[in-house]
Amino acid sequence: MSNEILKEFIQEGLTTLDEAIDKISPDGCSLAGVNAIFRALHTLKGGCGFLGITHLANFVHKFEGILKKWQKPGANLCGEDGQKILKGLRLVQEALVKATDPSVLEQDEYKNYFYSLRPTNLERISLSRVGELLDDMKKEVGPDKEGFFLEEISIVVNQLEQILTRIRATTQKVSIPLKSQNLEKVLISGYDITESCRRTLAAFEEVSDRGKVAFEYLDRKTLDEDLADIGKALNKDGFLLTWDIIYDLCDISPEIIGEAFRRFWTEGVAVSGEIELAPEAQETEAPQPQADNSLVSPKEGTDSDTESIEEYVRVSSAVIKRLSDHAGDLVADRNSLENLIAELSPIIPSRYLRYLKDNYTGLDKHVNGVEQELGRLSNRQLNDVFNRLPGMVDKLCVDLGKRVSLKVSGGEIEAPRELLRALGDPLVHIVRNSLDHGLETPEERIRVGKTAEGRLVVTALRNDDRLTITIQDDGRGIDPEAVKQKALSQGLIGPDDGLSDSAILNLIFLPGFSMAKKVTDVSGRGVGMDVVRSVIESKGGRVHLDSRLGEDVTLELTLPLKEAQRTQDVLLIQAGVQTFGVGYLRLKEIIDINRVSIHSFKGGRFFQYGDQLIPYINLSDLFFLEAEKPQKTGQDAGRIMVVEDEQKNHIACKVDRVLRKVKVVVTPFTHDFLKDNPLIMGSAVLGTGEPYLIIDFRDVTKLV
């Protein structure tokens with residue numbers, strides 16, 4: 001197996017475990033969270049088995065067994081137990097980082113972990129105090145009342161037995177001279193019993209370390225089958241000690257483990273088998289700090305110039321966040337320097353100017369490299385979100401009696417992890433609405449000439465620094481008139497409001513609005529689509545809805561792939577006495593105001609652009625700005641900017657001056673008073689220190 005595949009598996013596994021860790025809060029973990037952790041471990045175990053990382057697969061398998069008791073309804077994983085499971089997940093992460101080094105699991109922290117999950121509070125009480133408590137209990141609870149406290153007493157007895165067992169096991173430990181991970185191959189008469197021997201040796205080690213307690217975590221059925229296979233290969237029926245005998249005697253007489261090993265290995269496998277052991281160096285040398293092993297067997301050999309497996313380091317997400325903030329500051333400084341060089345270039349001697357520009361070019365290259373590498377650290381594939389959809393659709397189809405074919409594409413596109421987490425709820429709401437409100441039952445579809453099976457398509461596309469996710473169903477569509485009547489009945493609009501079909505459709509995003517006739521487990525509470533819009537817009541995105549009655553509904557989610565600080569090319573313009581910035585990508589055309597005509601209609605003003613009339617606004621009036629003093633020439637220096645938003649809508653804006661193009665870092669507002677402002681998307685500071693507001697043209701309907 002190639003190093004590249006292993007590296008990718010390790011990174012994927014670390015991310016999966018990160019998401020599992022997120023399920024555990026200081027207050028505990030819900031049943032759904034426990035199930036998610038179990039699925040993460042199960043996925044990791046399967047990958048380890050596929051890649052031949054058997055030692056880690058076995059550890060994770062035991063972990064799964066421990067977790068099962070919290071998968072029962074009513075079994076709450078909270079408090080100290082939750083923190084112990086959290087510790088176990090972090091241990092798995094550390095072992096995964098050094099996946100090719102089996103000796104990691106030989107450390108005491110790993111060997112003692114599963115036994116630390118057992119309740120041992122009584123160990124912290126002196127033996128004399130235990131005796132006093134027992135005497136007090138005998139006085140308070142007579143023989144006639146013991147039945148009422150049987151469950152509590154049994155728990156205490158069980159804990160005492162555990163402590164006693166552990167004390168016996170640690171004081172009377174029998175050493176097993178051969179480690180299971182050092183056993184590479186065992187053949188007897190051509191019969192390969194390697195895995196059976198490894199599991200048997202590992203079980204001997206566990207019982208030697210922990211005594212009878214170990215059997216709570218061992219797979220007895222598999223061990224019995226392994227012992228039968230080994231006995232059959234040796235052709236010595238009845239010679240090997242059974243696990244029943246070892247279980248009964250291991251605490252009373254620990255020497256039974258040594259006897260069982262002697263029969264199994266010294267007088268059995270070692271005499272009759274062809275055995276290959278790992279090199280002696282692997283047993284004696286300390287593991288190197290970097291994981292430089294490969295998955296190629298030592299017998300096959302590796303070239304000296306083979307690429308070694310990279311070392312992985314666990315880094316807190318908070319550290320990455322701070323690093324991203326510093327990188328954003330670095331980008332801002334880079335942009336400021338570029339703008340400053342442009343401003344000072346007329347007065348700087350040419351030889352110094354060339355020197356400055358050469359150094360800036362190198363700085364620009366390195367800053368871009370830092371941005372790209374940080375993106376790789378925090379990005380995940382959209383499949384992390386999309387993979388949840390098929391199961392949900394299947395379940396809803398059963399609940400609603402519908403047949404739906406789901407098609408998903410674009411899952412390989414990468415996006416910031418925080419953005420993916422934010423996308424989860426909106427996608428769930430949209431898909432639930434599509435199945436409940438949009439797609440018809442098979443009988444309804446056949447009656448209107450459609451196929452019995454509905455179609456739901458989820459597509460993701462990336463365009464530069466923006467992500468577009470489209471969700472489309474071929475259901476009944478949305479009836480604008482029905483939406484209007486529902487909104488009127490709920491008092492969300494007035495009877496005299498002149499709304500276009502597009503504006504009426506967007507009413508479904510209002511808080512509390514619902515077209516459902518009754519509240520069900522699927523929908524009807526009036527929160528779904530409101531959540532979609534609020535979450536997407538909080539991430540700097542936009543939602544666009546389109547529908548054809550009786551044919552389909554299409555929802556388009558557009559989001560920036562770089563959150564928080566984002567480098568943009570901005571055109572500086574002047575309106576009145578104030579200077580603003582406009583995103584350069586939004587500009588379609590800049591026209592001299594003396595060459596155009598402005599039309600008025602029903603209280604609005606419009607501009608003839610090509611073959612269409614588009615809304616016209618004066619930015620000075622929009623922001624209530626003081627007009628600029630007239631120029632000496634008496635000529636109007638105004639310009640008209642034609643701007644296009646994310647939904648391809650256009651607007652004409654009158655500005656007093658068009659200044660210059662600059663590269664800046666746009667910082668969104670975070671204060672509650674400003675962050676939801678529909679006119680301004682953020683601010684930027686130029687190299688000379690002047691701050692500017694950046695006008696939000698992502699949805700021009702909010703400006704009209």
# chains A, B, ... in the order shown; residues from 1 in each chain; ligands from 1

$ residues_around --residues "region 370-383 of chain A" --least-positions-apart "6" --cutoff "9 Å" --atoms "only C-alpha atoms" --output "mmCIF file with N, CA, C and O atoms, in the first residue's frame"
data_model
loop_
_atom_site.group_PDB
_atom_site.id
_atom_site.type_symbol
_atom_site.label_atom_id
_atom_site.label_comp_id
_atom_site.auth_asym_id
_atom_site.auth_seq_id
_atom_site.Cartn_x
_atom_site.Cartn_y
_atom_site.Cartn_z
ATOM 1 N N THR A 15 -9.716 13.555 11.309
ATOM 2 C CA THR A 15 -10.866 14.449 11.170
ATOM 3 C C THR A 15 -12.135 13.775 11.685
ATOM 4 O O THR A 15 -12.951 14.393 12.380
ATOM 5 N N SER A 317 -7.804 23.309 17.230
ATOM 6 C CA SER A 317 -8.486 24.173 16.264
ATOM 7 C C SER A 317 -8.354 25.638 16.656
ATOM 8 O O SER A 317 -8.358 26.525 15.798
ATOM 9 N N ILE A 320 -5.170 26.906 15.132
ATOM 10 C CA ILE A 320 -5.346 27.163 13.696
ATOM 11 C C ILE A 320 -6.134 28.445 13.484
ATOM 12 O O ILE A 320 -5.837 29.225 12.577
ATOM 13 N N LEU A 323 -3.822 31.287 14.068
ATOM 14 C CA LEU A 323 -2.901 31.359 12.941
ATOM 15 C C LEU A 323 -3.590 31.985 11.729
ATOM 16 O O LEU A 323 -2.987 32.792 11.007
ATOM 17 N N SER A 324 -4.856 31.646 11.516
ATOM 18 C CA SER A 324 -5.607 32.238 10.410
ATOM 19 C C SER A 324 -5.786 33.740 10.608
ATOM 20 O O SER A 324 -5.722 34.517 9.654
ATOM 21 N N ALA A 327 -2.600 35.328 9.753
ATOM 22 C CA ALA A 327 -2.438 35.326 8.295
ATOM 23 C C ALA A 327 -3.289 36.414 7.658
ATOM 24 O O ALA A 327 -2.874 37.070 6.694
ATOM 25 N N GLY A 328 -4.499 36.632 8.207
ATOM 26 C CA GLY A 328 -5.340 37.705 7.698
ATOM 27 C C GLY A 328 -4.696 39.064 7.890
ATOM 28 O O GLY A 328 -4.749 39.932 7.004
ATOM 29 N N VAL A 331 -2.016 39.399 5.304
ATOM 30 C CA VAL A 331 -2.581 39.746 3.998
ATOM 31 C C VAL A 331 -2.950 41.222 3.955
ATOM 32 O O VAL A 331 -2.712 41.915 2.958
ATOM 33 N N GLY A 410 -20.548 16.807 -6.892
ATOM 34 C CA GLY A 410 -19.719 17.900 -6.389
ATOM 35 C C GLY A 410 -19.232 17.700 -4.975
ATOM 36 O O GLY A 410 -18.684 18.626 -4.370
ATOM 37 N N GLY A 411 -19.414 16.495 -4.438
ATOM 38 C CA GLY A 411 -19.004 16.245 -3.058
ATOM 39 C C GLY A 411 -17.509 16.319 -2.831
ATOM 40 O O GLY A 411 -17.048 16.461 -1.702
ATOM 41 N N GLU A 412 -16.730 16.226 -3.917
ATOM 42 C CA GLU A 412 -15.269 16.273 -3.762
ATOM 43 C C GLU A 412 -14.746 17.693 -3.568
ATOM 44 O O GLU A 412 -13.566 17.893 -3.249
ATOM 45 N N ILE A 413 -15.591 18.700 -3.740
ATOM 46 C CA ILE A 413 -15.173 20.094 -3.552
ATOM 47 C C ILE A 413 -14.855 20.325 -2.078
ATOM 48 O O ILE A 413 -15.566 19.863 -1.185
ATOM 49 N N GLU A 414 -13.772 21.049 -1.812
ATOM 50 C CA GLU A 414 -13.362 21.316 -0.444
ATOM 51 C C GLU A 414 -13.843 22.696 0.001
ATOM 52 O O GLU A 414 -13.894 23.634 -0.789
ATOM 53 N N ALA A 415 -14.182 22.781 1.283
ATOM 54 C CA ALA A 415 -14.642 24.042 1.869
ATOM 55 C C ALA A 415 -14.177 24.084 3.319
ATOM 56 O O ALA A 415 -13.886 23.047 3.918
ATOM 57 N N PRO A 416 -14.096 25.282 3.909
ATOM 58 C CA PRO A 416 -13.699 25.380 5.315
ATOM 59 C C PRO A 416 -14.599 24.549 6.219
ATOM 60 O O PRO A 416 -15.816 24.462 6.000
ATOM 61 N N ARG A 417 -14.000 23.954 7.234
ATOM 62 C CA ARG A 417 -14.750 23.064 8.122
ATOM 63 C C ARG A 417 -15.909 23.774 8.816
ATOM 64 O O ARG A 417 -17.006 23.226 8.958
ATOM 65 N N GLU A 418 -15.689 25.023 9.248
ATOM 66 C CA GLU A 418 -16.765 25.766 9.905
ATOM 67 C C GLU A 418 -17.938 25.987 8.958
ATOM 68 O O GLU A 418 -19.091 25.971 9.376
ATOM 69 N N LEU A 420 -18.804 23.977 6.509
ATOM 70 C CA LEU A 420 -19.497 22.692 6.362
ATOM 71 C C LEU A 420 -20.432 22.437 7.544
ATOM 72 O O LEU A 420 -21.542 21.937 7.382
ATOM 73 N N ALA A 460 -23.110 20.688 -6.341
ATOM 74 C CA ALA A 460 -22.204 21.719 -5.821
ATOM 75 C C ALA A 460 -21.224 22.119 -6.920
ATOM 76 O O ALA A 460 -20.700 21.267 -7.640
ATOM 77 N N LYS A 562 -14.071 31.706 1.645
ATOM 78 C CA LYS A 562 -13.157 32.254 2.644
ATOM 79 C C LYS A 562 -13.970 33.129 3.565
ATOM 80 O O LYS A 562 -14.487 34.158 3.164
#

$ residues_around --residues "Thr459 (chain A)" --least-positions-apart "2" --cutoff "9 Å" --atoms "only C-alpha atoms" --output "PyMOL selection string"
chain A and resi 407-411+457+461+468-472

$ residues_around --residues "Lys185 (chain A)" --least-positions-apart "4" --cutoff "6 Å" --atoms "only C-alpha atoms" --output "JSON list (two decimals) with C-alpha atoms, in the first residue's frame"
[["chain", "number", "residue", "atom", "x", "y", "z"],
["A", 194, "THR", "CA", -0.99, -16.71, 12.23],
["A", 275, "ILE", "CA", 7.58, -19.49, 12.51],
["A", 276, "GLU", "CA", 8.65, -16.04, 11.38]]

$ atom_distance --atom1 "CA of Met392 (chain A)" --atom2 "CA of Asn433 (chain A)"
12.3 Å

$ closest_residue --among "A:Glu195, A:Asp329, A:Asp656, A:Asp530" --to "Ile591 (chain A)" --atoms "only C-alpha atoms"
A:Asp656

$ closest_residue --among "A:Val34, A:Ile478, A:Leu686, A:Val483" --to "Asp22 (chain A)" --atoms "only C-alpha atoms"
A:Val34

$ residues_around --residues "Glu64 (chain A)" --least-positions-apart "4" --cutoff "10 Å" --atoms "only C-alpha atoms" --output "VMD selection string"
chain A and resid 37 to 42 45 58 to 60 68 to 69

$ atom_distance --atom1 "CA of Ala95 (chain A)" --atom2 "CA of Cys29 (chain A)"
23.6 Å

$ residues_around --residues "Val553 (chain A)" --least-positions-apart "2" --cutoff "10 Å" --atoms "only C-alpha atoms" --output "ChimeraX atom specification"
/A:434,438-439,456,471-478,545-551,555

$ write_last_selection --atoms "C-alpha atoms" --output "mmCIF file, in the first residue's frame"
data_model
loop_
_atom_site.group_PDB
_atom_site.id
_atom_site.type_symbol
_atom_site.label_atom_id
_atom_site.label_comp_id
_atom_site.auth_asym_id
_atom_site.auth_seq_id
_atom_site.Cartn_x
_atom_site.Cartn_y
_atom_site.Cartn_z
ATOM 1 C CA SER A 434 -38.697 18.940 -0.730
ATOM 2 C CA GLY A 438 -42.627 19.434 -2.983
ATOM 3 C CA LEU A 439 -42.482 15.846 -4.204
ATOM 4 C CA LEU A 456 -34.102 15.200 -6.034
ATOM 5 C CA ILE A 471 -31.101 21.682 -4.667
ATOM 6 C CA GLN A 472 -33.801 20.873 -7.221
ATOM 7 C CA ASP A 473 -36.840 18.600 -7.104
ATOM 8 C CA ASP A 474 -39.308 17.786 -9.891
ATOM 9 C CA GLY A 475 -42.350 17.999 -7.644
ATOM 10 C CA ARG A 476 -45.471 20.115 -7.643
ATOM 11 C CA GLY A 477 -43.672 23.465 -7.411
ATOM 12 C CA ILE A 478 -44.811 26.460 -5.353
ATOM 13 C CA LEU A 545 -35.467 30.504 -4.895
ATOM 14 C CA ASP A 546 -37.069 29.720 -8.246
ATOM 15 C CA SER A 547 -40.154 27.631 -8.996
ATOM 16 C CA ARG A 548 -42.331 26.541 -11.890
ATOM 17 C CA LEU A 549 -45.794 25.525 -10.755
ATOM 18 C CA GLY A 550 -46.408 21.831 -11.374
ATOM 19 C CA GLU A 551 -42.835 21.229 -12.567
ATOM 20 C CA LEU A 555 -32.978 26.538 -4.361
#

$ select_by_dssp --residues "region 294-538 of chain A" --states "strand (DSSP E or B)" --output "PyMOL selection string"
chain A and resi 379-381+404-409+414-416+454-463+466-473

$ select_by_dssp --residues "region 386-507 of chain A" --states "alpha helix (DSSP H)" --output "ChimeraX atom specification"
/A:386,389-400,417-433,442-447,480-489,501-505

$ write_last_selection --atoms "N, CA and C atoms" --output "short mmCIF file (atom, residue, chain, number, x, y, z; two decimals), in the first residue's frame"
data_model
loop_
_atom_site.label_atom_id
_atom_site.label_comp_id
_atom_site.auth_asym_id
_atom_site.auth_seq_id
_atom_site.Cartn_x
_atom_site.Cartn_y
_atom_site.Cartn_z
N PHE A 386 -22.80 15.87 2.51
CA PHE A 386 -23.67 15.18 1.55
C PHE A 386 -23.92 13.73 1.94
N LEU A 389 -27.23 12.69 3.55
CA LEU A 389 -28.51 12.85 2.88
C LEU A 389 -29.18 11.54 2.46
N PRO A 390 -28.44 10.55 1.86
CA PRO A 390 -29.14 9.34 1.39
C PRO A 390 -29.93 8.63 2.47
N GLY A 391 -29.33 8.46 3.66
CA GLY A 391 -30.06 7.78 4.73
C GLY A 391 -31.30 8.53 5.16
N MET A 392 -31.18 9.86 5.23
CA MET A 392 -32.33 10.67 5.63
C MET A 392 -33.45 10.58 4.60
N VAL A 393 -33.07 10.64 3.31
CA VAL A 393 -34.08 10.55 2.24
C VAL A 393 -34.78 9.19 2.27
N ASP A 394 -34.02 8.12 2.46
CA ASP A 394 -34.63 6.78 2.52
C ASP A 394 -35.64 6.68 3.66
N LYS A 395 -35.27 7.21 4.82
CA LYS A 395 -36.17 7.14 5.98
C LYS A 395 -37.43 7.96 5.74
N LEU A 396 -37.27 9.18 5.18
CA LEU A 396 -38.44 10.02 4.93
C LEU A 396 -39.36 9.40 3.89
N CYS A 397 -38.77 8.75 2.89
CA CYS A 397 -39.59 8.08 1.88
C CYS A 397 -40.48 7.02 2.52
N VAL A 398 -39.93 6.28 3.46
CA VAL A 398 -40.72 5.26 4.17
C VAL A 398 -41.81 5.92 5.00
N ASP A 399 -41.45 7.00 5.73
CA ASP A 399 -42.41 7.67 6.61
C ASP A 399 -43.54 8.34 5.82
N LEU A 400 -43.20 8.89 4.64
CA LEU A 400 -44.17 9.66 3.87
C LEU A 400 -44.84 8.87 2.76
N ARG A 417 -14.00 23.95 7.23
CA ARG A 417 -14.75 23.06 8.12
C ARG A 417 -15.91 23.77 8.82
N GLU A 418 -15.69 25.02 9.25
CA GLU A 418 -16.76 25.77 9.91
C GLU A 418 -17.94 25.99 8.96
N LEU A 419 -17.63 26.21 7.69
CA LEU A 419 -18.70 26.41 6.70
C LEU A 419 -19.50 25.12 6.52
N LEU A 420 -18.80 23.98 6.51
CA LEU A 420 -19.50 22.69 6.36
C LEU A 420 -20.43 22.44 7.54
N ARG A 421 -19.96 22.77 8.74
CA ARG A 421 -20.82 22.57 9.90
C ARG A 421 -22.07 23.44 9.82
N ALA A 422 -21.89 24.66 9.31
CA ALA A 422 -23.04 25.56 9.18
C ALA A 422 -24.02 25.07 8.12
N LEU A 423 -23.53 24.35 7.11
CA LEU A 423 -24.38 23.89 6.01
C LEU A 423 -25.29 22.72 6.40
N GLY A 424 -24.94 22.02 7.47
CA GLY A 424 -25.68 20.81 7.83
C GLY A 424 -27.17 21.04 8.01
N ASP A 425 -27.56 21.97 8.91
CA ASP A 425 -28.98 22.21 9.19
C ASP A 425 -29.73 22.75 7.98
N PRO A 426 -29.20 23.75 7.24
CA PRO A 426 -29.94 24.22 6.05
C PRO A 426 -30.24 23.11 5.05
N LEU A 427 -29.26 22.25 4.77
CA LEU A 427 -29.50 21.18 3.81
C LEU A 427 -30.57 20.21 4.31
N VAL A 428 -30.54 19.93 5.60
CA VAL A 428 -31.56 19.04 6.18
C VAL A 428 -32.94 19.64 6.01
N HIS A 429 -33.09 20.93 6.32
CA HIS A 429 -34.40 21.58 6.20
C HIS A 429 -34.88 21.59 4.76
N ILE A 430 -33.97 21.90 3.84
CA ILE A 430 -34.37 21.96 2.43
C ILE A 430 -34.82 20.60 1.92
N VAL A 431 -34.06 19.57 2.25
CA VAL A 431 -34.42 18.22 1.79
C VAL A 431 -35.73 17.76 2.41
N ARG A 432 -35.92 18.05 3.68
CA ARG A 432 -37.18 17.66 4.34
C ARG A 432 -38.37 18.38 3.70
N ASN A 433 -38.19 19.66 3.38
CA ASN A 433 -39.27 20.40 2.73
C ASN A 433 -39.56 19.86 1.34
N PRO A 442 -46.43 8.56 -5.30
CA PRO A 442 -46.44 7.90 -6.62
C PRO A 442 -47.79 8.02 -7.33
N GLU A 443 -48.90 7.90 -6.59
CA GLU A 443 -50.22 7.98 -7.20
C GLU A 443 -50.48 9.37 -7.78
N GLU A 444 -50.11 10.41 -7.02
CA GLU A 444 -50.31 11.78 -7.50
C GLU A 444 -49.48 12.05 -8.75
N ARG A 445 -48.25 11.57 -8.76
CA ARG A 445 -47.36 11.81 -9.90
C ARG A 445 -47.90 11.13 -11.16
N ILE A 446 -48.38 9.93 -11.02
CA ILE A 446 -48.91 9.20 -12.18
C ILE A 446 -50.15 9.91 -12.74
N ARG A 447 -50.98 10.45 -11.84
CA ARG A 447 -52.19 11.15 -12.30
C ARG A 447 -51.88 12.37 -13.15
N PRO A 480 -47.61 30.68 -6.22
CA PRO A 480 -47.49 32.02 -5.64
C PRO A 480 -48.80 32.52 -5.03
N GLU A 481 -49.92 32.18 -5.66
CA GLU A 481 -51.20 32.64 -5.13
C GLU A 481 -51.51 32.01 -3.78
N ALA A 482 -51.19 30.71 -3.65
CA ALA A 482 -51.41 30.02 -2.37
C ALA A 482 -50.52 30.61 -1.29
N VAL A 483 -49.28 30.93 -1.64
CA VAL A 483 -48.36 31.55 -0.68
C VAL A 483 -48.88 32.91 -0.26
N LYS A 484 -49.38 33.67 -1.22
CA LYS A 484 -49.90 35.01 -0.92
C LYS A 484 -51.09 34.94 0.04
N GLN A 485 -52.02 34.03 -0.23
CA GLN A 485 -53.19 33.90 0.63
C GLN A 485 -52.80 33.46 2.04
N LYS A 486 -51.83 32.55 2.12
CA LYS A 486 -51.37 32.09 3.44
C LYS A 486 -50.72 33.24 4.20
N ALA A 487 -49.91 34.05 3.50
CA ALA A 487 -49.25 35.18 4.14
C ALA A 487 -50.27 36.22 4.60
N LEU A 488 -51.33 36.43 3.79
CA LEU A 488 -52.39 37.36 4.19
C LEU A 488 -53.11 36.86 5.44
N SER A 489 -53.39 35.54 5.48
CA SER A 489 -54.09 34.99 6.64
C SER A 489 -53.27 35.05 7.91
N ASP A 501 -44.24 37.94 -8.31
CA ASP A 501 -44.21 36.50 -8.00
C ASP A 501 -42.94 36.12 -7.27
N SER A 502 -41.81 36.72 -7.67
CA SER A 502 -40.53 36.41 -7.02
C SER A 502 -40.55 36.84 -5.57
N ALA A 503 -41.10 38.03 -5.30
CA ALA A 503 -41.17 38.52 -3.92
C ALA A 503 -42.13 37.67 -3.09
N ILE A 504 -43.21 37.20 -3.71
CA ILE A 504 -44.16 36.34 -2.99
C ILE A 504 -43.50 35.02 -2.61
N LEU A 505 -42.74 34.45 -3.53
CA LEU A 505 -42.06 33.18 -3.23
C LEU A 505 -41.11 33.33 -2.05
#

$ atom_distance --atom1 "CA of Val665 (chain A)" --atom2 "CA of Arg466 (chain A)"
16.2 Å

$ closest_residue --among "A:Asp497, A:Asp229, A:Asp219, A:Glu343" --to "Arg660 (chain A)" --atoms "only C-alpha atoms"
A:Glu343

$ residues_around --residues "Arg334 (chain A)" --least-positions-apart "4" --cutoff "9 Å" --atoms "only C-alpha atoms" --output "short mmCIF file (atom, residue, chain, number, x, y, z; two decimals) with N, CA and C atoms, in the first residue's frame"
data_model
loop_
_atom_site.label_atom_id
_atom_site.label_comp_id
_atom_site.auth_asym_id
_atom_site.auth_seq_id
_atom_site.Cartn_x
_atom_site.Cartn_y
_atom_site.Cartn_z
N ASP A 329 -4.07 39.26 9.06
CA ASP A 329 -3.35 40.52 9.29
C ASP A 329 -2.20 40.67 8.32
N LEU A 330 -1.52 39.55 8.04
CA LEU A 330 -0.40 39.59 7.10
C LEU A 330 -0.87 39.96 5.70
N GLU A 338 1.04 47.33 -1.00
CA GLU A 338 0.83 47.49 -2.44
C GLU A 338 0.18 48.84 -2.75
N ASN A 339 -0.86 49.19 -1.96
CA ASN A 339 -1.53 50.46 -2.19
C ASN A 339 -0.61 51.65 -1.89
N TYR A 360 8.27 43.43 -3.05
CA TYR A 360 6.84 43.19 -2.87
C TYR A 360 6.40 41.92 -3.60
N LEU A 363 7.25 39.03 -1.44
CA LEU A 363 6.34 38.99 -0.29
C LEU A 363 4.98 38.46 -0.70
N ASP A 364 4.48 38.92 -1.83
CA ASP A 364 3.17 38.49 -2.33
C ASP A 364 3.14 36.99 -2.55
N VAL A 367 3.07 35.20 0.95
CA VAL A 367 1.79 35.37 1.63
C VAL A 367 0.72 34.49 0.99
N VAL A 664 -7.73 45.14 -1.14
CA VAL A 664 -7.89 45.31 0.31
C VAL A 664 -8.41 44.02 0.93
N GLY A 687 -3.37 51.36 2.75
CA GLY A 687 -2.02 51.46 3.28
C GLY A 687 -1.72 52.78 3.94
#

$ residues_around --residues "Leu51 (chain A)" --least-positions-apart "2" --cutoff "12 Å" --atoms "only C-alpha atoms" --output "list in words"
Met1, Ser2, Asn3, Ile5, Leu6, Lys7, Glu8, Phe9, Ile10, Leu44, Lys45, Gly46, Gly47, Cys48, Gly49, Ile53, Thr54, His55, Leu56, Ala57, Ala99, Thr100, Ser294, Leu295 and Val296 of chain A

$ closest_residue --among "A:Ser538, A:Leu619, A:Gly369, A:Tyr584" --to "Pro668 (chain A)" --atoms "only C-alpha atoms"
A:Ser538
